[in-house]
Structures are given as structure tokens and as C-alpha cells.
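What follows is the content of coords13.cif (mmCIF, C-alpha atoms and all ligand atoms).
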```cif
data_query
#
loop_
_atom_site.label_atom_id
_atom_site.label_comp_id
_atom_site.auth_asym_id
_atom_site.auth_seq_id
_atom_site.Cartn_x
_atom_site.Cartn_y
_atom_site.Cartn_z
CA MET A 1 7.11 19.08 -20.51
CA ASN A 2 10.32 17.52 -21.69
CA ILE A 3 10.97 14.37 -19.70
CA LEU A 4 14.05 12.25 -19.04
CA LEU A 5 13.50 8.78 -17.55
CA LEU A 6 16.45 6.82 -16.13
CA GLY A 7 16.53 3.03 -16.41
CA SER A 8 16.17 0.20 -18.90
CA GLY A 9 13.85 -2.48 -17.51
CA GLY A 10 10.22 -3.49 -17.79
CA ARG A 11 9.41 -0.92 -15.11
CA GLU A 12 10.85 1.84 -17.26
CA HIS A 13 9.01 0.62 -20.37
CA ALA A 14 5.75 0.75 -18.38
CA LEU A 15 6.55 4.25 -17.03
CA ALA A 16 7.48 5.47 -20.54
CA TRP A 17 4.32 3.88 -22.01
CA LYS A 18 2.21 5.67 -19.40
CA MET A 19 3.92 9.07 -19.60
CA GLN A 20 3.83 9.29 -23.41
CA GLN A 21 0.02 9.09 -23.19
CA SER A 22 -0.04 12.37 -21.27
CA HIS A 23 -0.88 15.57 -23.12
CA HIS A 24 1.73 17.22 -20.85
CA CYS A 25 4.45 15.04 -22.38
CA ASN A 26 6.35 16.84 -25.09
CA ASN A 27 9.70 15.12 -25.68
CA LEU A 28 10.36 11.89 -23.81
CA PHE A 29 13.92 10.57 -23.49
CA ILE A 30 14.89 7.30 -21.84
CA ALA A 31 18.46 6.61 -20.67
CA PRO A 32 19.57 4.04 -21.60
CA GLY A 33 16.15 2.45 -22.32
CA ASN A 34 15.48 -0.72 -24.32
CA PRO A 35 13.81 -1.58 -27.66
CA GLY A 36 10.41 -1.24 -25.95
CA THR A 37 11.03 2.28 -24.67
CA ALA A 38 12.33 3.24 -28.13
CA ALA A 39 8.73 3.00 -29.30
CA CYS A 40 7.60 5.50 -26.58
CA GLY A 41 10.32 8.12 -26.96
CA THR A 42 14.01 8.50 -27.75
CA ASN A 43 16.60 6.24 -26.14
CA ILE A 44 19.78 8.02 -25.06
CA ASN A 45 23.06 6.33 -24.31
CA LEU A 46 23.77 7.74 -20.84
CA ASN A 47 25.05 5.95 -17.75
CA ILE A 48 22.40 6.34 -15.02
CA ASN A 49 25.08 6.93 -12.36
CA ASP A 50 27.00 9.54 -14.37
CA PHE A 51 25.30 12.61 -12.90
CA GLU A 52 27.55 15.15 -14.69
CA ASN A 53 26.57 13.80 -18.12
CA ILE A 54 22.91 13.58 -17.13
CA LYS A 55 23.06 17.22 -16.00
CA ASP A 56 24.57 18.28 -19.34
CA PHE A 57 21.85 16.40 -21.22
CA ILE A 58 19.15 18.07 -19.09
CA ILE A 59 20.55 21.51 -19.94
CA ALA A 60 21.00 20.77 -23.66
CA ASN A 61 17.50 19.35 -24.07
CA ASP A 62 15.55 21.67 -21.83
CA ILE A 63 14.34 18.85 -19.59
CA ASN A 64 11.70 19.84 -17.00
CA LEU A 65 11.07 16.47 -15.37
CA LEU A 66 13.58 13.78 -14.38
CA VAL A 67 12.02 10.44 -13.42
CA VAL A 68 14.37 7.96 -11.76
CA GLY A 69 13.40 4.31 -12.27
CA PRO A 70 15.89 2.23 -10.25
CA GLU A 71 17.15 2.73 -6.69
CA GLU A 72 20.88 2.94 -7.30
CA PRO A 73 21.12 6.52 -8.60
CA LEU A 74 18.77 7.62 -5.80
CA VAL A 75 20.87 6.02 -3.08
CA ASN A 76 23.91 7.59 -4.81
CA GLY A 77 22.33 11.05 -4.52
CA VAL A 78 20.96 11.93 -7.96
CA TYR A 79 18.20 14.02 -6.35
CA ASP A 80 20.66 16.06 -4.27
CA PHE A 81 23.03 16.56 -7.22
CA MET A 82 20.27 17.85 -9.51
CA GLN A 83 18.74 19.96 -6.75
CA LEU A 84 22.08 21.69 -6.29
CA HIS A 85 22.33 22.52 -10.00
CA PHE A 86 18.74 23.23 -10.96
CA GLY A 87 16.87 24.06 -7.74
CA ASN A 88 13.15 24.13 -8.42
CA LYS A 89 13.62 24.52 -12.21
CA LEU A 90 13.71 20.74 -12.52
CA ILE A 91 11.18 18.33 -11.02
CA VAL A 92 12.96 15.19 -9.85
CA VAL A 93 10.82 12.14 -9.12
CA GLY A 94 12.80 10.36 -6.43
CA PRO A 95 13.90 11.00 -2.84
CA SER A 96 17.06 12.63 -1.52
CA ALA A 97 19.97 10.32 -0.69
CA ASN A 98 19.16 10.64 3.01
CA ALA A 99 15.57 9.55 2.50
CA ALA A 100 16.58 6.81 0.01
CA GLN A 101 18.24 5.07 2.95
CA LEU A 102 14.77 3.72 3.67
CA GLU A 103 15.74 1.29 0.91
CA GLY A 104 19.54 1.65 0.99
CA SER A 105 19.94 0.58 4.62
CA LYS A 106 17.79 -2.04 6.31
CA ALA A 107 19.02 -0.86 9.74
CA PHE A 108 18.02 2.74 8.88
CA SER A 109 14.55 1.66 7.82
CA LYS A 110 14.04 -0.55 10.90
CA GLN A 111 15.10 2.31 13.21
CA PHE A 112 12.79 4.69 11.33
CA MET A 113 9.86 2.29 11.78
CA GLN A 114 10.60 1.93 15.49
CA ARG A 115 10.76 5.69 15.99
CA HIS A 116 7.36 6.09 14.35
CA ASN A 117 5.61 3.00 15.74
CA ILE A 118 5.13 1.45 12.32
CA PRO A 119 4.30 -2.29 12.57
CA THR A 120 7.27 -4.43 11.48
CA ALA A 121 9.04 -7.65 12.55
CA ALA A 122 11.06 -7.53 15.82
CA TYR A 123 14.79 -7.25 15.05
CA ALA A 124 18.35 -6.57 16.17
CA GLU A 125 21.38 -5.33 14.21
CA PHE A 126 24.96 -6.61 14.36
CA THR A 127 28.42 -5.85 12.98
CA ILE A 128 31.86 -7.41 13.54
CA GLU A 129 31.97 -5.45 16.83
CA ASN A 130 29.17 -7.49 18.40
CA PHE A 131 29.50 -10.63 16.27
CA GLU A 132 29.60 -13.05 19.25
CA GLU A 133 26.52 -11.42 20.74
CA GLY A 134 24.84 -11.97 17.37
CA LYS A 135 25.54 -15.70 17.50
CA THR A 136 23.95 -15.91 20.95
CA TYR A 137 20.99 -13.88 19.65
CA ILE A 138 20.57 -16.43 16.84
CA SER A 139 20.76 -19.38 19.29
CA ASN A 140 17.88 -17.94 21.30
CA HIS A 141 15.79 -16.95 18.24
CA SER A 142 12.66 -18.81 17.11
CA LEU A 143 12.79 -20.50 13.68
CA PRO A 144 12.87 -19.64 10.84
CA ILE A 145 15.26 -16.70 11.19
CA VAL A 146 15.45 -13.86 8.65
CA LEU A 147 18.91 -12.38 8.00
CA LYS A 148 19.29 -9.22 5.92
CA ALA A 149 22.44 -7.55 4.63
CA ASP A 150 22.09 -3.89 5.61
CA GLY A 151 22.96 -2.35 2.24
CA LEU A 152 21.90 -2.82 -1.39
CA ALA A 153 22.69 -6.36 -2.55
CA ALA A 154 20.88 -6.56 -5.90
CA GLY A 155 17.88 -8.27 -4.30
CA LYS A 156 20.01 -11.15 -2.96
CA GLY A 157 20.71 -9.86 0.55
CA VAL A 158 17.81 -11.56 2.39
CA ILE A 159 18.19 -15.14 3.61
CA ILE A 160 15.56 -17.10 5.49
CA ALA A 161 17.33 -19.77 7.57
CA GLU A 162 15.40 -22.85 8.69
CA THR A 163 17.92 -23.93 11.37
CA HIS A 164 20.14 -22.17 13.91
CA ALA A 165 23.24 -23.71 12.34
CA GLU A 166 22.32 -22.37 8.90
CA ALA A 167 21.57 -18.94 10.34
CA LYS A 168 24.98 -18.80 12.05
CA GLN A 169 26.72 -19.88 8.86
CA VAL A 170 24.93 -17.19 6.82
CA PHE A 171 25.67 -14.63 9.55
CA GLU A 172 29.38 -15.47 9.42
CA GLU A 173 29.42 -15.43 5.60
CA MET A 174 27.88 -11.97 5.60
CA ILE A 175 29.87 -10.30 8.38
CA VAL A 176 33.23 -12.08 8.47
CA ASN A 177 33.59 -13.17 4.83
CA LYS A 178 31.86 -10.04 3.50
CA GLN A 179 29.61 -12.02 1.17
CA PHE A 180 27.98 -8.81 -0.08
CA GLY A 181 31.03 -6.59 0.47
CA ASN A 182 30.30 -3.49 2.50
CA ALA A 183 26.55 -4.10 2.18
CA SER A 184 26.83 -6.99 4.66
CA SER A 185 29.22 -5.42 7.17
CA LYS A 186 26.04 -4.78 9.13
CA VAL A 187 23.31 -7.44 9.36
CA VAL A 188 19.71 -7.16 10.53
CA ILE A 189 18.30 -10.31 12.13
CA GLU A 190 14.55 -10.39 12.32
CA GLN A 191 11.49 -12.38 13.22
CA PHE A 192 9.84 -14.35 10.41
CA LEU A 193 6.39 -13.04 9.52
CA GLN A 194 3.81 -15.55 8.34
CA GLY A 195 1.26 -14.19 5.90
CA ILE A 196 0.54 -13.06 2.34
CA GLU A 197 2.77 -10.41 0.76
CA VAL A 198 1.37 -7.42 -1.06
CA SER A 199 2.96 -4.15 -2.19
CA VAL A 200 1.34 -0.74 -2.00
CA PHE A 201 2.57 2.20 -4.08
CA VAL A 202 2.33 5.80 -3.04
CA LEU A 203 3.40 9.06 -4.65
CA THR A 204 4.43 11.71 -2.12
CA ASN A 205 6.19 15.04 -1.69
CA GLY A 206 7.00 14.11 1.91
CA LYS A 207 3.90 15.88 3.21
CA ASP A 208 0.93 14.80 1.09
CA TYR A 209 0.52 11.49 -0.62
CA LYS A 210 -1.74 9.51 -2.92
CA VAL A 211 -1.98 5.75 -3.17
CA ILE A 212 -1.57 4.98 -6.88
CA GLY A 213 -2.00 1.21 -6.75
CA HIS A 214 -1.01 -2.08 -5.24
CA ALA A 215 0.04 -5.50 -6.52
CA LYS A 216 0.88 -9.02 -5.51
CA ASP A 217 4.23 -10.19 -6.84
CA TYR A 218 5.26 -13.81 -7.49
CA LYS A 219 8.93 -13.91 -6.50
CA ARG A 220 9.85 -17.59 -6.76
CA ILE A 221 11.07 -19.11 -10.02
CA GLY A 222 8.95 -22.26 -9.81
CA VAL A 223 5.27 -23.07 -10.18
CA GLY A 224 3.42 -23.09 -6.82
CA ASP A 225 5.86 -20.52 -5.33
CA THR A 226 8.77 -22.96 -5.20
CA GLY A 227 12.50 -22.69 -5.90
CA LEU A 228 14.84 -19.72 -5.85
CA ASN A 229 13.88 -16.08 -5.38
CA THR A 230 13.90 -13.87 -8.47
CA GLY A 231 13.33 -10.19 -9.15
CA GLY A 232 9.67 -11.10 -9.77
CA MET A 233 8.04 -13.55 -12.19
CA GLY A 234 4.65 -11.88 -12.47
CA CYS A 235 2.12 -9.68 -10.70
CA VAL A 236 -1.60 -9.23 -10.33
CA THR A 237 -3.81 -6.29 -9.35
CA PRO A 238 -6.24 -5.56 -7.75
CA VAL A 239 -5.86 -8.19 -5.04
CA PRO A 240 -9.18 -9.40 -3.55
CA PHE A 241 -8.13 -9.02 0.14
CA MET A 242 -7.12 -5.38 -0.43
CA ASN A 243 -10.61 -4.25 0.51
CA ASP A 244 -11.51 -0.86 2.02
CA ALA A 245 -11.11 -2.09 5.62
CA PHE A 246 -7.61 -3.48 5.04
CA MET A 247 -6.53 -0.43 2.98
CA GLN A 248 -7.77 1.85 5.75
CA GLN A 249 -5.57 -0.02 8.23
CA VAL A 250 -2.61 0.24 5.85
CA GLU A 251 -3.13 4.00 5.52
CA GLN A 252 -3.59 4.59 9.25
CA THR A 253 -0.89 2.33 10.66
CA VAL A 254 1.69 2.35 7.87
CA ILE A 255 1.40 5.06 5.21
CA GLN A 256 0.41 8.07 7.31
CA PRO A 257 3.00 7.43 10.07
CA THR A 258 5.65 6.96 7.37
CA ILE A 259 4.85 10.23 5.59
CA ASN A 260 4.57 12.06 8.94
CA GLY A 261 7.91 10.54 9.94
CA LEU A 262 9.58 11.83 6.76
CA SER A 263 8.20 15.29 7.42
CA LYS A 264 9.18 15.33 11.13
CA GLU A 265 12.71 14.20 10.34
CA ASN A 266 13.08 16.64 7.42
CA LEU A 267 13.81 13.79 5.03
CA ILE A 268 13.26 15.28 1.57
CA TYR A 269 11.11 12.94 -0.47
CA ASN A 270 9.54 13.61 -3.86
CA GLY A 271 8.65 10.36 -5.48
CA PHE A 272 7.34 6.84 -5.15
CA VAL A 273 7.30 4.86 -1.93
CA PHE A 274 7.00 1.10 -2.36
CA PHE A 275 5.59 -0.41 0.84
CA GLY A 276 6.40 -4.14 0.89
CA LEU A 277 3.79 -5.51 3.30
CA MET A 278 2.88 -8.79 4.90
CA ASN A 279 -0.81 -9.33 5.60
CA CYS A 280 -0.64 -11.35 8.82
CA ASP A 281 -4.21 -12.50 9.51
CA GLY A 282 -5.64 -9.14 8.47
CA THR A 283 -2.96 -6.95 10.10
CA PRO A 284 -0.41 -5.23 7.84
CA TYR A 285 3.32 -5.31 8.75
CA VAL A 286 6.09 -3.59 6.78
CA ILE A 287 8.69 -6.00 5.40
CA GLU A 288 10.59 -3.35 3.51
CA TYR A 289 10.48 0.08 1.96
CA ASN A 290 11.75 0.75 -1.54
CA CYS A 291 12.26 4.26 -2.81
CA ARG A 292 11.06 3.48 -6.34
CA MET A 293 8.36 1.56 -8.16
CA GLY A 294 8.54 -2.25 -8.28
CA ASP A 295 9.37 -4.38 -11.27
CA PRO A 296 7.14 -6.09 -12.49
CA GLU A 297 4.59 -4.34 -10.19
CA THR A 298 4.77 -1.20 -12.37
CA GLU A 299 3.73 -3.28 -15.38
CA VAL A 300 0.29 -3.86 -13.78
CA VAL A 301 -0.02 -0.69 -11.68
CA MET A 302 0.47 1.71 -14.64
CA PRO A 303 -2.00 0.01 -17.01
CA ARG A 304 -4.62 -0.02 -14.21
CA LEU A 305 -4.07 3.64 -13.31
CA GLU A 306 -6.29 5.88 -15.43
CA THR A 307 -5.11 9.18 -13.94
CA ASP A 308 -2.48 11.09 -15.95
CA LEU A 309 0.91 10.27 -14.41
CA VAL A 310 2.67 13.43 -15.60
CA SER A 311 -0.11 15.54 -14.00
CA LEU A 312 0.44 13.60 -10.78
CA PHE A 313 4.16 14.46 -10.87
CA ALA A 314 3.29 18.12 -11.38
CA ALA A 315 0.82 17.95 -8.46
CA MET A 316 3.49 16.31 -6.30
CA ASP A 317 5.78 19.21 -7.13
CA ASN A 318 3.33 22.06 -6.62
CA GLY A 319 1.72 20.72 -3.44
CA THR A 320 -1.70 19.84 -4.86
CA LEU A 321 -1.39 16.07 -4.69
CA ALA A 322 -3.97 15.80 -1.89
CA ASP A 323 -6.59 17.43 -4.17
CA THR A 324 -6.05 15.09 -7.11
CA ASN A 325 -8.42 12.30 -7.94
CA ILE A 326 -6.98 8.84 -8.56
CA GLN A 327 -8.95 6.74 -11.01
CA TYR A 328 -8.49 3.09 -11.76
CA ASN A 329 -9.64 0.91 -14.61
CA ASP A 330 -12.43 -1.45 -13.50
CA GLY A 331 -10.65 -4.58 -14.74
CA PHE A 332 -8.19 -7.03 -13.25
CA PHE A 333 -4.60 -7.06 -14.52
CA ALA A 334 -1.98 -9.79 -14.66
CA THR A 335 1.56 -9.62 -15.99
CA ILE A 336 3.68 -12.71 -16.71
CA MET A 337 7.44 -12.42 -17.10
CA ALA A 338 9.35 -14.51 -19.64
CA VAL A 339 12.90 -15.22 -18.45
CA SER A 340 16.10 -16.70 -19.87
CA GLY A 341 16.78 -20.41 -19.27
CA GLY A 342 18.87 -20.79 -16.11
CA TYR A 343 17.67 -17.56 -14.47
CA PRO A 344 18.02 -16.62 -11.57
CA GLY A 345 21.31 -18.52 -11.91
CA ASP A 346 23.60 -18.23 -14.93
CA TYR A 347 21.97 -17.74 -18.31
CA GLU A 348 22.99 -16.94 -21.87
CA LYS A 349 22.21 -13.71 -23.72
CA ASN A 350 21.75 -12.72 -27.38
CA LYS A 351 19.00 -15.25 -28.18
CA ILE A 352 16.77 -14.05 -31.02
CA ILE A 353 13.21 -13.29 -29.87
CA ASN A 354 10.62 -14.49 -32.41
CA GLY A 355 6.99 -13.51 -32.75
CA LEU A 356 7.17 -9.89 -31.58
CA THR A 357 5.89 -8.43 -34.85
CA GLU A 358 2.74 -10.56 -34.94
CA LEU A 359 1.36 -9.37 -31.61
CA PRO A 360 -1.99 -7.56 -31.40
CA LYS A 361 -1.71 -3.83 -30.76
CA ASN A 362 -4.38 -3.06 -28.17
CA ASN A 363 -4.52 -1.97 -24.57
CA ALA A 364 -6.06 -5.23 -23.31
CA THR A 365 -2.69 -6.95 -23.85
CA ILE A 366 0.57 -5.02 -23.67
CA LEU A 367 4.09 -6.30 -24.15
CA PHE A 368 6.74 -4.64 -22.00
CA HIS A 369 10.40 -5.17 -22.81
CA ALA A 370 12.84 -5.78 -19.93
CA GLY A 371 16.19 -7.42 -20.76
CA THR A 372 16.11 -7.04 -24.54
CA LYS A 373 18.28 -5.25 -27.07
CA GLN A 374 18.21 -4.49 -30.76
CA MET A 375 20.84 -6.40 -32.73
CA ASP A 376 20.73 -5.56 -36.44
CA GLU A 377 17.16 -6.35 -37.54
CA ASN A 378 16.45 -8.63 -34.55
CA VAL A 379 15.47 -8.06 -30.94
CA VAL A 380 17.58 -10.38 -28.78
CA THR A 381 17.68 -11.32 -25.10
CA ASN A 382 19.92 -9.17 -22.93
CA GLY A 383 19.13 -10.19 -19.34
CA GLY A 384 17.53 -12.72 -17.00
CA ARG A 385 14.07 -11.19 -17.11
CA VAL A 386 13.46 -10.62 -20.81
CA LEU A 387 9.92 -9.37 -21.38
CA THR A 388 6.55 -9.35 -19.68
CA VAL A 389 3.01 -9.43 -21.03
CA THR A 390 0.27 -7.55 -19.17
CA SER A 391 -3.39 -8.28 -19.86
CA SER A 392 -6.65 -7.03 -18.44
CA ALA A 393 -9.95 -8.86 -18.13
CA ASN A 394 -12.94 -9.32 -15.82
CA THR A 395 -11.06 -11.71 -13.52
CA ILE A 396 -7.43 -12.31 -12.59
CA THR A 397 -7.60 -15.79 -14.11
CA GLU A 398 -8.88 -14.51 -17.46
CA ALA A 399 -6.22 -11.80 -17.51
CA ALA A 400 -3.47 -14.36 -16.81
CA THR A 401 -4.88 -16.66 -19.51
CA LYS A 402 -4.71 -13.83 -22.07
CA SER A 403 -1.08 -13.14 -21.16
CA LYS A 404 -0.22 -16.84 -21.50
CA GLU A 405 -1.89 -16.92 -24.94
CA THR A 406 0.22 -13.97 -26.07
CA LEU A 407 3.39 -15.49 -24.61
CA SER A 408 2.69 -18.71 -26.52
CA LYS A 409 3.21 -16.71 -29.74
CA ILE A 410 6.63 -15.48 -28.60
CA SER A 411 9.69 -17.69 -28.46
CA PHE A 412 13.41 -17.60 -27.79
CA ASP A 413 15.89 -20.33 -27.00
CA GLY A 414 15.49 -21.31 -23.31
CA MET A 415 12.39 -19.14 -22.73
CA TYR A 416 10.55 -19.91 -19.48
CA PHE A 417 7.58 -18.37 -17.69
CA ARG A 418 5.42 -19.39 -14.76
CA ASN A 419 2.08 -20.67 -16.00
CA ASP A 420 0.38 -20.25 -12.59
CA ILE A 421 0.50 -16.49 -11.96
CA GLY A 422 -2.64 -15.61 -9.98
CA PHE A 423 -3.27 -19.30 -9.19
CA GLU A 424 -4.72 -18.69 -5.70
CA PHE A 425 -7.45 -16.43 -7.09
CA GLU A 426 -9.00 -19.03 -9.43
P1 LIG A 501 13.32 -7.78 1.00
O1 LIG A 501 14.58 -7.70 0.20
O2 LIG A 501 13.35 -7.10 2.31
O3 LIG A 501 12.11 -7.52 0.16
O4 LIG A 501 13.12 -9.34 1.31
C1 LIG A 501 12.99 -10.26 0.27
C2 LIG A 501 11.88 -11.22 0.57
O5 LIG A 501 12.17 -11.95 1.77
C3 LIG A 501 10.55 -10.56 0.86
O6 LIG A 501 9.87 -10.21 -0.29
C4 LIG A 501 9.86 -11.65 1.65
O7 LIG A 501 9.35 -12.63 0.78
C5 LIG A 501 10.97 -12.24 2.45
N1 LIG A 501 11.04 -11.62 3.79
C6 LIG A 501 11.73 -10.53 4.16
N2 LIG A 501 11.58 -10.27 5.47
C7 LIG A 501 10.73 -11.21 5.94
C8 LIG A 501 10.18 -11.49 7.24
N3 LIG A 501 10.47 -10.75 8.29
N4 LIG A 501 9.34 -12.54 7.33
C9 LIG A 501 9.05 -13.30 6.27
N5 LIG A 501 9.55 -13.12 5.04
C10 LIG A 501 10.38 -12.08 4.87
N1 LIG A 502 9.45 -6.93 -7.64
C1 LIG A 502 10.11 -6.52 -6.47
C2 LIG A 502 10.86 -5.27 -6.56
O1 LIG A 502 10.79 -4.51 -7.51
O2 LIG A 502 11.61 -4.97 -5.62
#
```

So, in terms of C-alpha cells, how does the structure I just supplied come out?
Amino acid sequence: MNILLLGSGGREHALAWKMQQSHHCNNLFIAPGNPGTAACGTNINLNINDFENIKDFIIANDINLLVVGPEEPLVNGVYDFMQLHFGNKLIVVGPSANAAQLEGSKAFSKQFMQRHNIPTAAYAEFTIENFEEGKTYISNHSLPIVLKADGLAAGKGVIIAETHAEAKQVFEEMIVNKQFGNASSKVVIEQFLQGIEVSVFVLTNGKDYKVIGHAKDYKRIGVGDTGLNTGGMGCVTPVPFMNDAFMQQVEQTVIQPTINGLSKENLIYNGFVFFGLMNCDGTPYVIEYNCRMGDPETEVVMPRLETDLVSLFAAMDNGTLADTNIQYNDGFFATIMAVSGGYPGDYEKNKIINGLTELPKNNATILFHAGTKQMDENVVTNGGRVLTVTSSANTITEAATKSKETLSKISFDGMYFRNDIGFEFE
């Protein structure tokens, strides 16, 4: 197959790394990609939201499989656009725009969960129309209070308020002052769930599904889960509490009702579902759906997955997913993200990254590029999250130690990483 992958982060490097190992992979193109993906295939300078140009590229290069990394093109309807032009001549990994609302609209996803009795936090939704009612709702709400901008807000649209006054201020910022533009013209207010977060990843065609992995993400910038939220500072898999009994509950109460719900509502879905869960004393609740893989979750899920990913996409397309066998590596995996100084606030770019050429080339430690770019003979920083190192070992702690050892050989001005990824599993 000839494959085009959209995106340019660590997630896309991990997907490209995995797909190029498949004997079904003929030519692999990544748009726009990064210096890491350039080693797995050919980077192409295409805008991921320019569907016309992507279509032309697909025709000119005889692409059979389009894999969409990030959510934005999906919410913007890349699936529907390509379906219209290519029908079943092109396999698109990603849901239709309607189904992508599971990520694109918090209110849509909450309503979907209610319709299908999927466990989630109690909530209400508000706009400028019922703004005053919303303030009363906040006054009567237990603390802390979770406020979510309805639409996509680049991962910044969720605020956990510790006081009623703070919650009302955030509420007003979002609805009246349009803090996130249109994305916050509607706000979901929900109950705070106490527990441990874990993400489960599923590949589905909207009827059948396979779990392809899970991971625990470390979202805060600071050691000991302190400080500001980030896109993710590291991940581990497998997670010790994800035993058969808990996974069975997740499948029965969350995954199966979700897939059945998609089917009942004729929501066309060919692709990954990211279930963001909270384990509340052994009971799983859905915090969010994403219509794509996670980043940096993909950077541990793909190295652990032994099954051929391109074959899984083909099985998703031809309805044989339920018959496929998912195999995992026996080891534990940890990935640790190196970020630019100042991230998740302001940071500088174009810092030369040293030490990349001296790294060992083996599958027990893999470097995935995220925000990097090639500048003359150097690779330089080009984003907040710069690169991530995934290692495997017999324990989470050993895997994290290996990643830290590799990161200690890499340097760039302002480089920072959390040295406690996987700390609770020591
Ligand atoms: P989301 O964008 O929905 O993933 O939310 C971002 C983060 O906010 C999540 O990963 C959780 O850490 C936290 N969060 C969201 N909703 C809740 C909730 N109802 N209770 C507790 N934490 C939450
Ligand atoms: N790491 C969280 C996400 O990809 O949404």
C-alpha cells in the first residue's frame, strides 16, 4: 500500500515508525512530518487542512491509505471530503465530521454518553441564553467545579475551579468575553471526579473494535504532578491496575456501549477512539473522548503493540477486525518528553539539539521527534514539546531510567524533562 500520514508531532513519528515496519507498506509519505518522520518515509510540504491539495497528492501518488494524526482535519471533515472523491478506493483512518464531534464538542459527547448510559461525571451545559441560570448552578455546585469550553481549544479549554468565585469568573470569561472564541460560546459544567486517569485506545469501524493498548499520561509540567497542564510530559504502559477485571468493566460499561451507540446513531467511524478514563475506586468513568491517538501515548502504545498496524487498518476497512489477534510485547514501556524552557508558557525556538547522532540504534530505546526541524546541518527546536525517548524494560522504573540515561546524552538550550515519570510504580 501507498500511505499518506497527516501530522508532524511525536505521535506521527511513532505511527510512521510503526507503519514502515509493515510488509504492506510500500511508499510512506508524511505531511508535513518532522526530521524524525523523514527517516521513516518521505516528508511532503502539505497543509493538513488543505483538503484539495491533499486530494491531488493522493491521486498523483496512488495513495491507498490516508492516516490522520491530529483531530483538527477530522473535525473539519477530511473523512467526508475524501469519501466524496474516492469512495471505497481510499481507506481513511479517522471518523466522519459528525462522529468527530465526540472530541469536537464536549456537549455532544456528554449527550451521547447520557443517551447510551455510559458512566461519566454529572453535568449541565450553558450559553449566553441561560448565563444567569449557570451562575446559580455554580453557586449550588460542590467543589471543585470543572468547566469545559464546548469546542476545540488546543487542550486549554478545561479549568478546574477550587472556589465558587473562581468558577463564576472563568464562566464569565468563557461565555461573555469569549476567551476561546466560538469554542467557549457554550460551556459544560461538570462534577469533579476523584481518581487515577488512564487512557484506552481502540481501533474501530463503528461496528467491530479491537483494544490496541492503554497508557497513563503525566500531564503536569512539574515533578510530583504539580504546576500547569501540558500536552503530556510522559507516558507509561502497561499500567498495573489495568488488570483483566478492570479491563472487562471498561469494555462492558464504556467501549461496547460507545461502539453500539455509534452504530445505532449511524455515526460513521473508521479509526482510533481515545477513551480518557478516570478510575474511581475501581469503577471507570469517561472524562473525554478523542477521535485520534494520544500524544505522547502513541509513543508507548505503538512500540508495545506487536501486531502489524497496516494489517489492522486493512481489517478495519474490510470488516475482519473482530477476527484479528492483538499481540503485545511482554515488557513495560516509558516515554519521557523533553520540552523547551518556559513551556507550557512562552518559549524560544531554533535551539540546536546536540547529541542526536550518538544515540544507540535499537528497539529497546527509541527517540521520537516532536517539535523539531532541520536547519542546514542541524536539527533545531521548533515547538514546546521537542522530542521524547521511549524505552522498554522488565519494570516501568527500569524503562524510565533507560529513557533518562538517553536524554542525559541529548542537550539543547533550556531543555527540561520530568525525572519522575512512572514514580508511583516504583
Ligand atoms: P479534557 O480536555 O477533557 O481531557 O480535560 C483535561 C484534563 O482535565 C483531564 O485530563 C483531567 O485531568 C481533567 N478533568 C477533566 N474533567 C474532569 C473531571 N470531571 N474530574 C476531574 N478531572 C477532570
Ligand atoms: N496526551 C493527551 C492527548 O493527546 O490528548

Contacts with ligand LIG 502 (chain A) at most 7 Å, all atoms listed in the file counted, listed as a list in words: Asp217, Gly231, Gly232, Met293, Gly294, Asp295, Pro296 and Glu297 of chain A

Go ahead and find all residues with at least one atom no further than 10 Å from (-4.5, -13.3, -9.2) in the file's coordinates, using only C-alpha atoms; report them as a compact mmCIF listing (two decimals) with C-alpha atoms, keeping the file's coordinate frame.
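Wrote it out as out.txt, contents follow:
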```txt
# COMPACT_ATOMS: atom_id res chain seq x y z
CA ALA A 215 0.04 -5.50 -6.52
CA LYS A 216 0.88 -9.02 -5.51
CA ASP A 217 4.23 -10.19 -6.84
CA TYR A 218 5.26 -13.81 -7.49
CA GLY A 234 4.65 -11.88 -12.47
CA CYS A 235 2.12 -9.68 -10.70
CA VAL A 236 -1.60 -9.23 -10.33
CA THR A 237 -3.81 -6.29 -9.35
CA PRO A 238 -6.24 -5.56 -7.75
CA VAL A 239 -5.86 -8.19 -5.04
CA PRO A 240 -9.18 -9.40 -3.55
CA PHE A 332 -8.19 -7.03 -13.25
CA PHE A 333 -4.60 -7.06 -14.52
CA ALA A 334 -1.98 -9.79 -14.66
CA THR A 335 1.56 -9.62 -15.99
CA THR A 395 -11.06 -11.71 -13.52
CA ILE A 396 -7.43 -12.31 -12.59
CA THR A 397 -7.60 -15.79 -14.11
CA GLU A 398 -8.88 -14.51 -17.46
CA ALA A 399 -6.22 -11.80 -17.51
CA ALA A 400 -3.47 -14.36 -16.81
CA ASP A 420 0.38 -20.25 -12.59
CA ILE A 421 0.50 -16.49 -11.96
CA GLY A 422 -2.64 -15.61 -9.98
CA PHE A 423 -3.27 -19.30 -9.19
CA GLU A 424 -4.72 -18.69 -5.70
CA PHE A 425 -7.45 -16.43 -7.09
CA GLU A 426 -9.00 -19.03 -9.43
```

Residue nearest ligand LIG 501 (chain A) among A:Ala124, A:Met302, A:Val211, A:Ile268 (counting all atoms listed in the file):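 Distance minimum relative to ligand LIG 501 (chain A) lands on A:Ala124.
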
Contacts of region 133-137 of chain A within 9 Å, only C-alpha atoms, excl. fewer than 6 positions in-chain, as a PyMOL selection string: chain A and resi 124-127+167-168+171-172+189

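Considering the residues A:Val158, A:Leu102, A:Met247, A:Ile212 and counting all atoms listed in the file, Asn329 (chain A) has its shortest atom-to-atom contact with A:Ile212.
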
Among the residues A:Arg220, A:Lys210, A:Lys55, A:His116, the one that comes closest to ligand LIG 501 (chain A) [using all atoms listed in the file]: A:Arg220

Calculate, to one decimal in Å, the centre and edge lengths of the box along x, y and z of the file that holds all listed atoms of ligand LIG 501 (chain A) with 3 Å of margin on each side, and present them as AutoDock Vina command-line options.
```
--center_x 11.8 --center_y -10.2 --center_z 4.0 --size_x 11.5 --size_y 12.2 --size_z 14.6
```
